[in-house]
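K.L.:
Below is the file entry_13.cif, which contains mmCIF, C-alpha atoms.
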```
data_target
#
loop_
_atom_site.label_atom_id
_atom_site.label_comp_id
_atom_site.auth_asym_id
_atom_site.auth_seq_id
_atom_site.Cartn_x
_atom_site.Cartn_y
_atom_site.Cartn_z
CA MET A 10 -0.28 25.04 18.74
CA GLU A 11 2.30 22.64 20.16
CA LEU A 12 2.18 18.99 19.11
CA LYS A 13 2.92 17.83 22.64
CA LYS A 14 -0.51 19.02 23.74
CA TYR A 15 -2.00 16.27 21.62
CA LEU A 16 0.36 13.40 22.33
CA LEU A 17 -1.10 10.37 24.02
CA SER A 18 0.37 9.15 27.28
CA PRO A 19 2.95 6.36 26.87
CA LEU A 20 0.40 3.80 28.09
CA LEU A 21 -2.24 4.92 25.59
CA LEU A 22 0.33 5.05 22.82
CA LEU A 23 1.25 1.43 23.49
CA CYS A 24 -2.40 0.55 23.16
CA SER A 25 -2.27 1.70 19.55
CA LEU A 26 0.51 -0.68 18.55
CA PRO A 27 -1.58 -3.82 18.04
CA PHE A 28 -3.25 -2.18 15.02
CA MET A 29 0.00 -2.72 13.18
CA GLY A 30 2.08 -4.52 15.75
CA GLN A 31 5.32 -6.35 15.38
CA THR A 32 5.76 -8.78 12.54
CA THR A 33 7.25 -12.15 13.36
CA PRO A 34 8.68 -14.77 11.01
CA GLN A 35 6.01 -17.18 12.25
CA GLU A 36 3.22 -14.80 11.21
CA MET A 37 4.56 -14.86 7.68
CA PHE A 38 5.25 -18.59 7.70
CA ASP A 39 1.56 -19.08 8.60
CA ASP A 40 0.52 -17.08 5.52
CA ILE A 41 3.40 -17.11 3.07
CA HIS A 42 1.51 -14.75 0.73
CA LYS A 43 2.46 -11.91 3.10
CA THR A 44 6.09 -12.28 2.04
CA ALA A 45 4.96 -10.65 -1.22
CA GLY A 46 5.01 -7.31 0.61
CA VAL A 47 3.43 -4.66 -1.61
CA TYR A 48 2.20 -7.44 -3.93
CA TYR A 49 0.09 -8.88 -1.11
CA ALA A 50 -3.50 -9.06 -2.36
CA TYR A 51 -5.96 -6.97 -0.35
CA PRO A 52 -6.85 -9.02 2.79
CA VAL A 53 -10.63 -8.73 2.98
CA TYR A 54 -10.78 -11.71 5.36
CA SER A 55 -9.19 -9.68 8.16
CA LEU A 56 -11.80 -6.90 8.29
CA GLN A 57 -13.40 -6.18 11.68
CA PRO A 58 -16.84 -4.70 12.52
CA GLN A 59 -17.00 -0.89 12.71
CA THR A 60 -17.64 0.99 15.95
CA GLN A 61 -20.99 2.76 16.24
CA ALA A 62 -20.78 6.56 16.21
CA PRO A 63 -21.67 8.51 19.38
CA LYS A 64 -25.38 9.11 19.80
CA GLY A 65 -26.78 11.72 17.42
CA TYR A 66 -23.85 11.69 14.98
CA LYS A 67 -24.29 10.62 11.36
CA PRO A 68 -21.67 10.26 8.60
CA PHE A 69 -21.87 12.98 5.95
CA TYR A 70 -18.51 13.04 4.11
CA ILE A 71 -15.65 10.67 3.27
CA SER A 72 -12.10 11.64 2.33
CA HIS A 73 -10.13 8.82 0.70
CA TYR A 74 -6.77 7.97 -0.82
CA GLY A 75 -6.33 4.52 -2.34
CA ARG A 76 -3.54 2.63 -4.01
CA HIS A 77 -4.34 1.02 -7.35
CA GLY A 78 -5.52 -2.57 -7.11
CA SER A 79 -3.61 -5.74 -7.90
CA ARG A 80 -1.44 -5.45 -10.98
CA TYR A 81 0.91 -7.48 -13.10
CA LEU A 82 4.66 -7.07 -12.67
CA ILE A 83 5.67 -3.60 -13.78
CA SER A 84 7.04 -4.71 -17.17
CA ASP A 85 6.68 -7.64 -19.55
CA ALA A 86 10.47 -7.90 -19.33
CA ASP A 87 10.16 -8.99 -15.69
CA TYR A 88 8.65 -12.24 -16.94
CA LYS A 89 10.34 -12.53 -20.31
CA TRP A 90 13.99 -12.61 -19.24
CA VAL A 91 13.30 -15.42 -16.79
CA ILE A 92 11.40 -17.41 -19.41
CA GLU A 93 14.20 -16.88 -21.95
CA LEU A 94 16.83 -18.08 -19.46
CA PHE A 95 14.91 -21.29 -18.78
CA ASP A 96 14.36 -21.80 -22.52
CA LYS A 97 18.10 -21.42 -23.11
CA ALA A 98 18.82 -23.90 -20.33
CA LYS A 99 16.35 -26.32 -21.92
CA LYS A 100 18.16 -26.09 -25.26
CA ASN A 101 21.48 -26.70 -23.48
CA ASN A 102 20.13 -29.69 -21.57
CA ALA A 103 20.89 -27.81 -18.35
CA LEU A 104 17.60 -28.09 -16.46
CA THR A 105 16.78 -30.46 -13.63
CA PRO A 106 13.31 -32.06 -13.70
CA LEU A 107 12.17 -29.33 -11.31
CA GLY A 108 13.72 -26.71 -13.58
CA GLU A 109 11.75 -28.05 -16.54
CA ASP A 110 8.59 -28.04 -14.43
CA VAL A 111 9.23 -24.39 -13.57
CA ARG A 112 9.76 -23.60 -17.26
CA GLN A 113 6.36 -25.14 -18.05
CA ARG A 114 4.74 -23.07 -15.29
CA LEU A 115 6.30 -19.91 -16.67
CA LEU A 116 4.96 -20.72 -20.13
CA LYS A 117 1.52 -21.26 -18.61
CA ILE A 118 1.34 -17.80 -17.01
CA TRP A 119 2.87 -15.91 -19.95
CA PRO A 120 -0.32 -15.80 -22.09
CA GLU A 121 -2.07 -13.85 -19.34
CA ALA A 122 0.89 -11.64 -18.44
CA GLU A 123 2.09 -10.81 -21.98
CA GLY A 124 1.32 -7.24 -22.93
CA HIS A 125 -0.02 -6.42 -19.48
CA GLY A 126 3.14 -5.16 -17.78
CA GLY A 127 2.05 -2.67 -15.10
CA ASP A 128 -1.65 -3.10 -15.86
CA LEU A 129 -4.45 -3.58 -13.36
CA THR A 130 -5.48 -7.23 -13.12
CA PRO A 131 -9.12 -8.38 -12.99
CA LEU A 132 -8.61 -8.94 -9.26
CA GLY A 133 -7.48 -5.32 -8.95
CA ARG A 134 -10.80 -4.16 -10.38
CA ARG A 135 -12.74 -6.46 -8.08
CA GLN A 136 -10.83 -5.17 -5.05
CA HIS A 137 -11.91 -1.59 -5.68
CA GLN A 138 -15.45 -2.64 -6.43
CA GLY A 139 -15.51 -4.43 -3.08
CA ILE A 140 -14.08 -1.48 -1.14
CA ALA A 141 -16.60 0.85 -2.78
CA GLU A 142 -19.50 -1.48 -2.02
CA ARG A 143 -18.52 -1.80 1.64
CA MET A 144 -18.11 1.97 1.87
CA TYR A 145 -21.58 2.51 0.45
CA LEU A 146 -23.21 -0.06 2.72
CA SER A 147 -21.39 1.16 5.83
CA TYR A 148 -22.21 4.85 5.29
CA PRO A 149 -25.43 5.04 3.25
CA GLU A 150 -26.21 8.51 4.63
CA VAL A 151 -23.23 9.85 2.67
CA PHE A 152 -24.44 8.59 -0.70
CA LYS A 153 -27.84 10.21 -1.05
CA ASP A 154 -29.35 11.12 -4.41
CA GLY A 155 -27.63 13.95 -6.26
CA ARG A 156 -24.67 14.33 -3.91
CA HIS A 157 -21.35 15.15 -5.56
CA ILE A 158 -18.24 12.95 -5.56
CA SER A 159 -14.85 14.14 -6.81
CA ALA A 160 -12.72 11.24 -8.12
CA ARG A 161 -9.13 11.98 -9.17
CA SER A 162 -6.23 9.70 -9.99
CA THR A 163 -2.62 10.00 -11.04
CA ILE A 164 -2.02 9.81 -14.77
CA VAL A 165 -0.93 6.15 -14.57
CA LEU A 166 -3.50 3.94 -16.30
CA ARG A 167 -3.85 1.34 -13.51
CA CYS A 168 -4.76 4.14 -11.08
CA ALA A 169 -7.35 5.60 -13.44
CA MET A 170 -8.80 2.12 -14.02
CA SER A 171 -9.00 1.60 -10.24
CA MET A 172 -10.79 4.94 -9.88
CA VAL A 173 -13.36 4.02 -12.53
CA ALA A 174 -13.97 0.58 -11.00
CA PHE A 175 -14.54 2.22 -7.61
CA GLY A 176 -16.76 5.01 -8.88
CA ASP A 177 -18.79 2.79 -11.19
CA GLN A 178 -19.53 0.47 -8.28
CA LEU A 179 -20.90 3.39 -6.26
CA LYS A 180 -22.88 4.52 -9.29
CA SER A 181 -24.36 1.04 -9.71
CA MET A 182 -25.62 1.20 -6.13
CA ASN A 183 -27.12 4.65 -6.59
CA PRO A 184 -27.35 5.87 -10.20
CA LYS A 185 -28.35 9.32 -8.94
CA LEU A 186 -24.90 10.06 -7.52
CA ASP A 187 -22.94 12.79 -9.31
CA ILE A 188 -19.38 11.50 -9.86
CA TYR A 189 -16.79 13.57 -11.72
CA TYR A 190 -13.69 11.65 -12.88
CA GLU A 191 -10.30 13.26 -13.55
CA ALA A 192 -6.83 11.89 -14.32
CA SER A 193 -4.66 14.90 -15.05
CA PRO A 194 -1.15 16.29 -14.51
CA LYS A 195 -2.94 19.22 -12.84
CA TYR A 196 -3.32 17.23 -9.61
CA MET A 197 0.00 15.40 -9.55
CA ASP A 198 1.50 18.00 -7.21
CA TYR A 199 -0.45 16.40 -4.37
CA LEU A 200 -1.54 12.98 -5.69
CA ASN A 201 2.06 11.88 -6.36
CA PHE A 202 4.55 14.44 -5.06
CA HIS A 203 8.25 13.93 -4.30
CA THR A 204 10.82 16.61 -3.52
CA GLU A 205 14.29 16.63 -5.06
CA GLU A 206 15.76 16.39 -1.56
CA SER A 207 13.72 13.26 -0.90
CA ASN A 208 14.71 11.75 -4.25
CA ARG A 209 18.39 12.23 -3.44
CA PHE A 210 17.99 10.40 -0.14
CA THR A 211 15.95 7.51 -1.57
CA HIS A 212 18.01 7.00 -4.74
CA GLY A 213 18.70 3.29 -5.15
CA GLU A 214 22.32 3.74 -6.27
CA THR A 215 23.61 6.89 -4.60
CA GLY A 216 21.47 7.24 -1.47
CA PRO A 217 23.38 7.35 1.85
CA TRP A 218 21.80 4.04 2.94
CA VAL A 219 22.76 2.00 -0.14
CA GLU A 220 26.07 0.49 1.01
CA GLU A 221 24.61 -0.69 4.31
CA TYR A 222 21.69 -2.19 2.41
CA ARG A 223 24.05 -3.96 -0.02
CA LYS A 224 25.74 -5.70 2.88
CA PHE A 225 22.40 -6.50 4.49
CA GLU A 226 21.13 -8.11 1.29
CA GLN A 227 24.37 -10.02 0.88
CA GLU A 228 23.93 -11.46 4.38
CA HIS A 229 20.32 -12.50 3.79
CA ILE A 230 20.09 -13.67 0.17
CA HIS A 231 21.56 -17.13 -0.46
CA PRO A 232 20.52 -18.42 -3.89
CA SER A 233 22.80 -21.48 -4.25
CA ARG A 234 20.29 -24.06 -3.01
CA LEU A 235 17.57 -22.76 -5.34
CA ILE A 236 19.85 -22.52 -8.37
CA ASN A 237 21.24 -26.04 -7.92
CA ASN A 238 17.70 -27.40 -7.66
CA LEU A 239 16.77 -25.81 -11.02
CA PHE A 240 19.89 -26.09 -13.17
CA SER A 241 21.84 -29.32 -13.66
CA ASP A 242 24.92 -28.07 -15.53
CA SER A 243 27.54 -26.24 -13.48
CA SER A 244 29.14 -24.86 -16.64
CA PHE A 245 25.82 -23.35 -17.75
CA ILE A 246 25.32 -21.85 -14.29
CA ARG A 247 28.81 -20.36 -14.32
CA LYS A 248 28.44 -18.86 -17.80
CA GLN A 249 24.75 -17.98 -18.06
CA VAL A 250 23.13 -17.69 -14.62
CA ASN A 251 23.31 -14.80 -12.17
CA PRO A 252 22.09 -16.69 -9.08
CA SER A 253 20.93 -13.63 -7.14
CA ASN A 254 19.08 -12.16 -10.12
CA VAL A 255 17.32 -15.45 -10.81
CA MET A 256 16.26 -15.80 -7.19
CA TRP A 257 14.86 -12.27 -7.19
CA GLY A 258 13.18 -12.76 -10.56
CA LEU A 259 11.39 -15.90 -9.40
CA TYR A 260 10.50 -14.24 -6.08
CA TRP A 261 8.72 -11.40 -7.86
CA ILE A 262 6.84 -13.77 -10.15
CA ALA A 263 5.90 -15.96 -7.19
CA SER A 264 4.73 -12.93 -5.25
CA ASP A 265 2.53 -11.60 -8.05
CA MET A 266 0.71 -14.86 -8.77
CA GLN A 267 -1.82 -14.08 -6.03
CA ASP A 268 -2.78 -10.98 -8.05
CA MET A 269 -3.34 -12.86 -11.33
CA GLU A 270 -6.13 -15.09 -12.62
CA THR A 271 -3.94 -18.03 -13.72
CA LYS A 272 -3.79 -20.49 -10.84
CA VAL A 273 -0.10 -21.33 -10.71
CA SER A 274 2.22 -21.14 -7.69
CA PHE A 275 6.00 -20.92 -7.39
CA TYR A 276 6.19 -20.87 -3.60
CA ASP A 277 7.28 -24.52 -3.47
CA LEU A 278 10.64 -23.44 -4.94
CA PHE A 279 11.54 -21.50 -1.82
CA GLU A 280 12.10 -22.35 1.80
CA LYS A 281 9.99 -20.21 4.11
CA GLN A 282 13.06 -18.58 5.64
CA GLU A 283 14.29 -17.65 2.17
CA LEU A 284 11.00 -15.91 1.41
CA PHE A 285 11.08 -14.12 4.75
CA ASP A 286 14.62 -12.89 4.12
CA LEU A 287 13.80 -11.73 0.59
CA TRP A 288 10.85 -9.85 2.03
CA GLN A 289 13.02 -8.34 4.79
CA CYS A 290 15.23 -6.77 2.14
CA ILE A 291 12.31 -5.39 0.13
CA ASN A 292 10.50 -4.21 3.24
CA TYR A 293 13.59 -2.24 4.23
CA ARG A 294 13.88 -0.66 0.78
CA PHE A 295 10.24 0.44 0.92
CA TYR A 296 10.79 1.81 4.41
CA VAL A 297 13.75 3.87 3.22
CA GLY A 298 11.96 4.99 0.08
CA ASN A 299 8.61 5.97 1.51
CA ALA A 300 8.49 6.00 5.32
CA ASN A 301 10.26 7.66 8.24
CA HIS A 302 13.77 6.20 8.18
CA ALA A 303 15.67 7.92 10.99
CA ASP A 304 18.51 9.05 8.73
CA GLY A 305 16.05 10.81 6.44
CA LYS A 306 15.02 13.20 9.23
CA GLY A 307 11.44 13.41 7.96
CA ILE A 308 12.14 14.51 4.38
CA VAL A 309 10.39 11.50 2.83
CA VAL A 310 7.27 11.78 4.99
CA ALA A 311 7.17 15.49 4.10
CA ASN A 312 6.31 14.44 0.53
CA ALA A 313 2.77 13.97 1.81
CA LYS A 314 2.37 17.56 3.01
CA SER A 315 0.61 18.77 -0.12
CA LEU A 316 -1.74 15.78 0.04
CA LEU A 317 -2.49 16.43 3.71
CA ARG A 318 -3.18 20.07 2.87
CA ASN A 319 -5.62 18.98 0.17
CA ILE A 320 -7.35 16.65 2.62
CA ILE A 321 -7.85 19.50 5.10
CA GLU A 322 -9.05 21.96 2.47
CA SER A 323 -11.41 19.41 0.91
CA ALA A 324 -12.87 18.52 4.31
CA ASP A 325 -13.51 22.15 5.18
CA GLN A 326 -15.22 22.62 1.83
CA ALA A 327 -17.43 19.58 2.42
CA ILE A 328 -18.34 20.77 5.91
CA SER A 329 -19.62 24.04 4.43
CA ASP A 330 -21.25 22.51 1.33
CA PRO A 331 -23.93 19.85 2.02
CA ASN A 332 -23.84 18.69 -1.61
CA ILE A 333 -20.36 17.13 -1.29
CA ALA A 334 -20.39 13.43 -0.41
CA ALA A 335 -16.82 12.26 -0.93
CA THR A 336 -13.37 13.07 -2.25
CA LEU A 337 -11.76 9.99 -3.80
CA ARG A 338 -8.07 9.95 -4.74
CA PHE A 339 -6.11 7.14 -6.40
CA GLY A 340 -2.36 6.70 -6.60
CA HIS A 341 0.48 4.44 -5.54
CA ASP A 342 2.14 2.70 -2.60
CA GLY A 343 4.69 5.52 -2.51
CA ASN A 344 1.86 7.94 -1.71
CA VAL A 345 -0.15 5.90 0.79
CA ILE A 346 2.91 5.09 2.94
CA PRO A 347 4.03 8.71 3.62
CA LEU A 348 0.41 9.76 4.04
CA ALA A 349 -0.09 7.12 6.74
CA ALA A 350 3.09 8.39 8.40
CA ILE A 351 2.28 12.10 8.29
CA LEU A 352 -1.23 11.36 9.59
CA ARG A 353 0.47 9.43 12.44
CA LEU A 354 -1.83 6.47 11.89
CA ASN A 355 -1.10 3.71 14.39
CA ASP A 356 2.70 3.33 14.40
CA CYS A 357 3.23 4.07 10.69
CA ASN A 358 5.54 7.00 11.53
CA VAL A 359 7.95 4.85 13.56
CA SER A 360 11.58 5.90 13.04
CA VAL A 361 14.54 3.49 13.09
CA ASN A 362 17.66 3.19 10.95
CA SER A 363 18.92 -0.38 11.39
CA PRO A 364 17.93 -2.77 8.58
CA GLU A 365 17.72 -5.61 11.10
CA GLU A 366 15.11 -3.76 13.17
CA VAL A 367 12.70 -2.54 10.50
CA TYR A 368 10.53 -5.64 10.11
CA LYS A 369 9.96 -5.73 13.88
CA VAL A 370 8.23 -2.34 13.87
CA TRP A 371 7.12 -1.67 10.27
CA ALA A 372 5.68 -3.93 7.56
CA ASP A 373 4.82 -2.80 4.04
CA TYR A 374 2.03 -5.32 3.49
CA LYS A 375 0.13 -4.03 6.54
CA ILE A 376 0.02 -0.51 5.09
CA VAL A 377 -0.02 -0.94 1.31
CA PRO A 378 -1.25 -4.29 0.10
CA MET A 379 -2.65 -4.04 -3.38
CA ALA A 380 -5.61 -1.59 -3.18
CA GLY A 381 -4.40 -0.35 0.22
CA ASN A 382 -6.33 2.73 1.30
CA ILE A 383 -6.83 5.42 3.91
CA GLN A 384 -10.30 6.76 4.67
CA LEU A 385 -11.41 9.64 6.88
CA ILE A 386 -15.09 9.35 7.78
CA PHE A 387 -16.68 12.62 8.93
CA TYR A 388 -19.69 12.74 11.27
CA GLN A 389 -22.02 15.53 12.31
CA LYS A 390 -25.02 15.77 14.62
CA GLU A 391 -28.32 15.82 12.80
CA LYS A 392 -29.24 18.96 14.72
CA GLY A 393 -26.14 20.92 15.57
CA ASN A 394 -23.75 23.54 14.27
CA SER A 395 -21.23 22.85 11.53
CA ASP A 396 -18.33 23.10 13.99
CA ASP A 397 -19.49 20.00 15.86
CA VAL A 398 -17.75 17.48 13.59
CA LEU A 399 -16.09 14.17 14.42
CA VAL A 400 -13.73 12.17 12.24
CA LYS A 401 -12.73 8.51 12.20
CA PHE A 402 -9.60 7.15 10.48
CA LEU A 403 -9.47 3.86 8.63
CA LEU A 404 -6.33 2.15 7.36
CA ASN A 405 -7.34 -0.58 4.93
CA GLU A 406 -10.86 -0.36 6.35
CA GLN A 407 -9.60 -0.99 9.89
CA GLU A 408 -10.14 1.67 12.57
CA ALA A 409 -6.86 3.43 13.31
CA THR A 410 -5.43 5.62 16.05
CA ILE A 411 -3.83 9.05 15.84
CA PRO A 412 -1.92 10.67 18.75
CA ILE A 413 -4.75 12.90 19.96
CA LYS A 414 -6.74 12.30 23.13
CA THR A 415 -10.34 11.29 22.67
CA ASP A 416 -13.13 10.11 24.93
CA HIS A 417 -14.82 8.25 22.08
CA PHE A 418 -12.20 6.24 20.17
CA PRO A 419 -12.08 5.82 17.19
CA PHE A 420 -13.79 9.22 16.85
CA TYR A 421 -11.83 12.48 17.15
CA LYS A 422 -12.94 16.11 17.14
CA TRP A 423 -12.18 17.54 13.71
CA GLY A 424 -11.26 20.93 15.14
CA GLU A 425 -8.49 19.39 17.23
CA VAL A 426 -7.39 17.12 14.41
CA LYS A 427 -7.17 20.04 12.00
CA HIS A 428 -5.03 22.06 14.44
CA PHE A 429 -2.75 19.06 14.97
CA TYR A 430 -2.15 18.60 11.25
CA THR A 431 -1.88 22.31 10.55
CA ASP A 432 0.95 22.40 13.06
CA ILE A 433 2.68 19.54 11.25
CA LEU A 434 2.34 21.39 7.95
CA SER A 435 3.97 24.49 9.44
CA GLN A 436 7.14 22.60 10.42
#
```
What would the structure in this file look like if it were written as structure tokens?
P.N.:
Amino acid sequence: MELKKYLLSPLLLLCSLPFMGQTTPQEMFDDIHKTAGVYYAYPVYSLQPQTQAPKGYKPFYISHYGRHGSRYLISDADYKWVIELFDKAKKNNALTPLGEDVRQRLLKIWPEAEGHGGDLTPLGRRQHQGIAERMYLSYPEVFKDGRHISARSTIVLRCAMSMVAFGDQLKSMNPKLDIYYEASPKYMDYLNFHTEESNRFTHGETGPWVEEYRKFEQEHIHPSRLINNLFSDSSFIRKQVNPSNVMWGLYWIASDMQDMETKVSFYDLFEKQELFDLWQCINYRFYVGNANHADGKGIVVANAKSLLRNIIESADQAISDPNIAATLRFGHDGNVIPLAAILRLNDCNVSVNSPEEVYKVWADYKIVPMAGNIQLIFYQKEKGNSDDVLVKFLLNEQEATIPIKTDHFPFYKWGEVKHFYTDILSQ
């Protein structure tokens, strides 16, 4: 079946863009936390009411893939080297008053961060509990007594912890649900799959995009102002401080504070334009690494094919088995992004190759904030045949478009959706 039979008209396609829309510097200046990109804490405040299903249709099954919730920086070393540099500057009398204030802030957050590199934070657990609770309350028909839920995560601990937080919340709302948890290498070939061809393209040192990115970063990252505000000794700066590394190190710590419990901020160290430019660089790297960069010719998005295949097979199984309530999957930003692209959600599959243009059409924090998720909600008539199934797509609990015509947006006929995706898998 040809894809073009399902493509929306140009006018209808444009109507889908506001779901993601263009990102402007002003949008990020208004909420500087968004410059954290993939460290942006899940934005519950932005959720909109759900559309009522067509008359006679009731939800009966949910297919889900979620990123782990808020976490600490990936390694203790990401905090420790910055702290050690400021301690060394203190001993050498090379800190400005602001630099000493920053050192004290770093020491204040270290007791919480130490030993937790890469771990789920308490906020991360609460995020998944909240998503699960809203899912249960929005679709109570799905979670009837005794119905079965499959919950699988990658073998990374923060993903398994997110899965348990999510499932336990559902269980607390109905103890008679049957939830089976798994975190096993057996399922990694679709929960977190990357081809060798894709890895060659996305490699951060040898990928074909790296030199252009290096120049782009060089044009956008200007650490001198920040460094001179923190360190008072030019000799110490010359001998001990890599200005770019320090700026990036403080950016990552600043970005992750919204995911931690300790109430400390580092955003006052940066000008808003500096934060926007740092984010531009990271947003581009995530676009290259996980989305549909034009030079990649679809090889990165193709990483999600095995996951899409599992979604289709699981849905068909649930349609034929009334005991199945939900299929829950938990992984990483690098899985949610290509899945959103291969599903053609909103404009997540947009393809450009210029670093300067990416932020205008694609923004990481709109797709994969911490606990970012994709949900497919399946509906069936109370009295009808099993082929009469509708599906609704949610990106971070917001109703999303796909390029198939429908008379009842955001609801699509599963038969047409399945054919559309089957055709993509055959390419």
K.L.:
Can you give me, as number ranges by chain, the residues this file yields under the PyMOL selection byres ((chain A and resi 345) around 8)?
P.N.:
A: 74-76, 340-344, 346-349, 376-377, 381-383
K.L.:
Using the chain letters and numbers from this file, what does the PyMOL selection byres ((chain A and resi 90-94) around 10) select? Give the answer as a ChimeraX atom specification.
P.N.:
/A:85-89,95-100,111-116,119,249-250,254-255,258-259,262
K.L.:
Per residue of stretch 305-402 of chain A within 10 Å of stretch 217-231 of chain A, what are the shortest atom pair and its distance in Å to one decimal, counting only C-alpha atoms, with rows by chain and residue number, as a Markdown table?
P.N.:
```
| residue | atom | partner | partner_atom | distance |
| --- | --- | --- | --- | --- |
| A:Gly305 | CA | A:Pro217 | CA | 9.3 |
| A:Asn362 | CA | A:Trp218 | CA | 9.1 |
| A:Ser363 | CA | A:Glu221 | CA | 9.1 |
| A:Pro364 | CA | A:Phe225 | CA | 7.1 |
| A:Glu365 | CA | A:Phe225 | CA | 8.1 |
```
K.L.:
Do you have the atom CA of A:Asp242-atom CA of A:Ala103 distance handy?
P.N.:
4.9 Å
K.L.:
Mind dumping a table of every stretch 241-357 of chain A residue within 10 Å of stretch 411-423 of chain A, with the nearest atom pair and its distance in Å to one decimal, using all atoms listed in the file, sorted by chain and rising number, as a tab-separated table?
P.N.:
```
residue	atom	partner	partner_atom	distance
A:Ile321	CA	A:Trp423	CA	9.8
A:Ala324	CA	A:Trp423	CA	9.5
A:Asp325	CA	A:Trp423	CA	9.8
A:Leu352	CA	A:Ile411	CA	7.2
A:Arg353	CA	A:Ile411	CA	5.5
A:Leu354	CA	A:Ile411	CA	5.1
A:Asn355	CA	A:Ile411	CA	6.2
A:Asp356	CA	A:Ile411	CA	8.8
```
K.L.:
Starting from the displayed file, determine the output of the PyMOL selection byres ((chain A and resi 199-210) around 6) and express the residue list as a PyMOL selection string.
P.N.:
chain A and resi 197-198+211-212+216+308-309+312+315-316
K.L.:
Can I get the selected residues back with C-alpha atoms, as a PDB file, keeping the file's coordinate frame?
P.N.:
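Dumped everything to part_2.pdb:
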```pdb
ATOM      1  CA  MET A 197       0.000  15.400  -9.550  1.00  0.00           C
ATOM      2  CA  ASP A 198       1.500  18.000  -7.210  1.00  0.00           C
ATOM      3  CA  THR A 211      15.950   7.510  -1.570  1.00  0.00           C
ATOM      4  CA  HIS A 212      18.010   7.000  -4.740  1.00  0.00           C
ATOM      5  CA  GLY A 216      21.470   7.240  -1.470  1.00  0.00           C
ATOM      6  CA  ILE A 308      12.140  14.510   4.380  1.00  0.00           C
ATOM      7  CA  VAL A 309      10.390  11.500   2.830  1.00  0.00           C
ATOM      8  CA  ASN A 312       6.310  14.440   0.530  1.00  0.00           C
ATOM      9  CA  SER A 315       0.610  18.770  -0.120  1.00  0.00           C
ATOM     10  CA  LEU A 316      -1.740  15.780   0.040  1.00  0.00           C
TER      11      LEU A 316
END
```
K.L.:
What gap, in Å, lies between atom CA of A:Gly133 and atom CA of A:Tyr51?
P.N.:
8.9 Å
K.L.:
Excluding A:Ala300 and residues on its chain fewer than 2 positions from it, collect all residues at most 8 Å away from it, counting all atoms listed in the file, and give them as a PyMOL selection string.
P.N.:
chain A and resi 295-298+302+309-310+346-347+350+357-358
K.L.:
May I have the residues at most 7 Å from (-22.0, 8.3, 8.9) in the file's coordinates, counting only C-alpha atoms, as a list in words?
P.N.:
Lys67, Pro68, Phe69, Tyr148, Glu150, Val151, Phe387 and Tyr388 of chain A
K.L.:
Please provide as an NGL selection string all residues within 9 Å of A:Phe285, with the sequence filter that same-chain residues fewer than 6 positions apart are discarded (counting only C-alpha atoms).
P.N.:
:A and (34 or 37-38 or 41 or 44)
